[in-house]
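Trainee: Sending over a structure as structure tokens; questions will come in a sec.
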Amino acid sequence: EADAAVAHGLKLAEQGADILDIGGESTRPRATPVAEAEELHRVIPVIERLAGRGRTPISIDTMKPGVARAALQAGASLVNDVAANREDDALWRVVAEAGAGYVCVHMQGTPTTMQANPVYADVVREVEAFFAGRLKRLDDCGIRAEQIILDVGIGFGKTAEHNLQLLAGLGSFTRLERPLLLGVSRKAFLG
């Protein structure tokens, strides 16, 4: 419901939110994908209405290049991408063309499969290596390092133990010299 989403976003901004992250497709474990047309229908009216009010930056939480492009045109300035593990660079090209901010999220698998059987030999090292490789790929697509925020993907293809290891090893990621974002709200492993 767009009216409720806009009202909630305005309330969050009034309460001091630094960014409003708007998404039209669930990324919880075992979530089913949403068609691009439906996702656009859900998010664009909300972004357009929020962009015209206040100064809180708007982020689009999407895995789809078409949704990212439309959201950036509607007033979003940041793309929050839980599917940064993709090989296709279309979404990254959209971010580069717009000069937008980009949240590079680590996820093993897809939202539908990510919690089926997450396995790592060393989750901190593997996520750090993933980010190092992605920083190179993003640069190749024209996204500058200063546009990028890294998110270790708590709960995205990780067991409770993996999540705790990542939290304990956050210092390792400072070598990459990018800001870190942690999405830890409403996570089951917190109990």
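Chains: A, B, ... in order of the structure tokens. Residues: from 1 per chain. Ligands: from 1, in order shown.
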Counting only C-alpha atoms, what is within 9 Å of stretch 163-176 of chain A, bar same-chain residues fewer than 6 positions away, as a PyMOL selection string?
Mentor: chain A and resi 122-125+127-128+131-132+135+150+152-155+189
Trainee: Would you list, as number ranges by chain, the residues of chain A that end up in helix (DSSP H, G or I) under DSSP run on this structure's backbone?
Mentor: A: 2-14, 36-51, 65-74, 90-98, 123-140, 145-147, 160-168, 170-176, 188-190
Trainee: Please determine, counting only C-alpha atoms, which residue among A:Gly109, A:Gly16, A:Gly133, A:Pro179 has the shortest atom-to-atom distance to A:Pro29.
Mentor: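 Among A:Gly109, A:Gly16, A:Gly133, A:Pro179, it is A:Gly109 that comes nearest to A:Pro29.
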Trainee: Run DSSP on the backbone and give me the residues of stretch 23-120 of chain A it puts in strand (DSSP E or B), as a PDB file with C-alpha atoms, in the first residue's frame.
Mentor:
ATOM      1  CA  GLY A  23      11.902  -2.629  -1.706  1.00  0.00           C
ATOM      2  CA  ILE A  58      16.369   6.958  -0.867  1.00  0.00           C
ATOM      3  CA  SER A  59      17.743   3.514  -1.620  1.00  0.00           C
ATOM      4  CA  ILE A  60      16.124   0.978  -3.937  1.00  0.00           C
ATOM      5  CA  ASP A  61      16.429  -2.602  -2.699  1.00  0.00           C
ATOM      6  CA  LEU A  78      21.487   4.304  -3.977  1.00  0.00           C
ATOM      7  CA  VAL A  79      21.002   0.700  -5.159  1.00  0.00           C
ATOM      8  CA  ASN A  80      20.949  -1.979  -2.442  1.00  0.00           C
ATOM      9  CA  ASP A  81      21.769  -5.203  -4.312  1.00  0.00           C
ATOM     10  CA  GLY A 101      25.690   4.685  -4.662  1.00  0.00           C
ATOM     11  CA  TYR A 102      25.855   0.894  -4.563  1.00  0.00           C
ATOM     12  CA  VAL A 103      25.491  -1.570  -1.677  1.00  0.00           C
ATOM     13  CA  CYS A 104      27.310  -4.779  -2.595  1.00  0.00           C
ATOM     14  CA  VAL A 105      25.743  -7.573  -0.531  1.00  0.00           C
TER      15      VAL A 105
END
Trainee: Can you list, as a list of chain:residue names, every protein, DNA or RNA residue that comes within 9 Å of A:Arg69 when you count only C-alpha atoms, leaving out same-chain residues fewer than 5 positions away?
Mentor: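 Surrounding residues, per the criterion: A:Lys64, A:Ala74, A:Leu91, A:Val94, A:Val95, A:Ala98.
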Trainee: Go ahead and dump the residues you just picked, N, CA, C and O atoms, as a PDB file, in the first residue's frame.
Mentor:
ATOM      1  N   LYS A  64      16.972  -6.224  -9.887  1.00  0.00           N
ATOM      2  CA  LYS A  64      16.616  -6.099 -11.301  1.00  0.00           C
ATOM      3  C   LYS A  64      17.110  -4.769 -11.890  1.00  0.00           C
ATOM      4  O   LYS A  64      16.790  -3.701 -11.366  1.00  0.00           O
ATOM      5  N   ALA A  74      13.324   8.009 -10.622  1.00  0.00           N
ATOM      6  CA  ALA A  74      12.231   8.509  -9.774  1.00  0.00           C
ATOM      7  C   ALA A  74      12.734   9.261  -8.551  1.00  0.00           C
ATOM      8  O   ALA A  74      11.935   9.890  -7.853  1.00  0.00           O
ATOM      9  N   LEU A  91      22.932  -4.646 -14.132  1.00  0.00           N
ATOM     10  CA  LEU A  91      22.562  -3.756 -13.026  1.00  0.00           C
ATOM     11  C   LEU A  91      23.730  -2.830 -12.685  1.00  0.00           C
ATOM     12  O   LEU A  91      23.533  -1.648 -12.418  1.00  0.00           O
ATOM     13  N   VAL A  94      23.841   0.101 -14.959  1.00  0.00           N
ATOM     14  CA  VAL A  94      22.826   1.098 -14.603  1.00  0.00           C
ATOM     15  C   VAL A  94      23.365   2.003 -13.495  1.00  0.00           C
ATOM     16  O   VAL A  94      23.249   3.229 -13.554  1.00  0.00           O
ATOM     17  N   VAL A  95      23.965   1.398 -12.475  1.00  0.00           N
ATOM     18  CA  VAL A  95      24.531   2.164 -11.361  1.00  0.00           C
ATOM     19  C   VAL A  95      25.635   3.087 -11.864  1.00  0.00           C
ATOM     20  O   VAL A  95      25.684   4.269 -11.497  1.00  0.00           O
ATOM     21  N   ALA A  98      24.281   6.103 -13.822  1.00  0.00           N
ATOM     22  CA  ALA A  98      23.599   7.070 -12.965  1.00  0.00           C
ATOM     23  C   ALA A  98      24.543   7.733 -11.967  1.00  0.00           C
ATOM     24  O   ALA A  98      24.185   8.743 -11.359  1.00  0.00           O
TER      25      ALA A  98
END
Trainee: Excluding A:Asn85 and any residue of its chain fewer than 3 positions from it, enumerate the residues within 8 Å of it, using only C-alpha atoms, and give them as a list in words.
Mentor: Val82, Val105, His106, Met107 and Gln108 of chain A
Trainee: Extract, using only C-alpha atoms, all DNA, RNA and protein residues at most 9 Å from stretch 32-34 of chain A, discarding same-chain residues fewer than 6 positions from it, and format them as JSON, numbers by chain.
Mentor: {"A": [24, 25, 26, 111, 112]}
Trainee: Choose the residue, out of A:Met63, A:Ile148, A:Ala51, A:Ile143, that has the smallest atom-to-atom separation from A:Arg86; count only C-alpha atoms.
Mentor: A:Met63
Trainee: Quick one: pull the distance between atom CA of A:Phe130 and atom CA of A:Gln115, Å, one decimal.
Mentor: 18.5 Å
Trainee: Env of A:Ala2: 7 Å cut, atoms = only C-alpha atoms, seq-sep filter 3 positions within chain, self excluded. Answer as a PDB file with C-alpha atoms, in the first residue's frame.
Mentor:
ATOM      1  CA  ALA A   5       4.674   3.075   2.843  1.00  0.00           C
ATOM      2  CA  VAL A   6       5.054   6.812   2.229  1.00  0.00           C
ATOM      3  CA  PRO A  45       4.992   5.536  -6.616  1.00  0.00           C
ATOM      4  CA  VAL A  46       6.528   5.364  -3.139  1.00  0.00           C
TER       5      VAL A  46
END
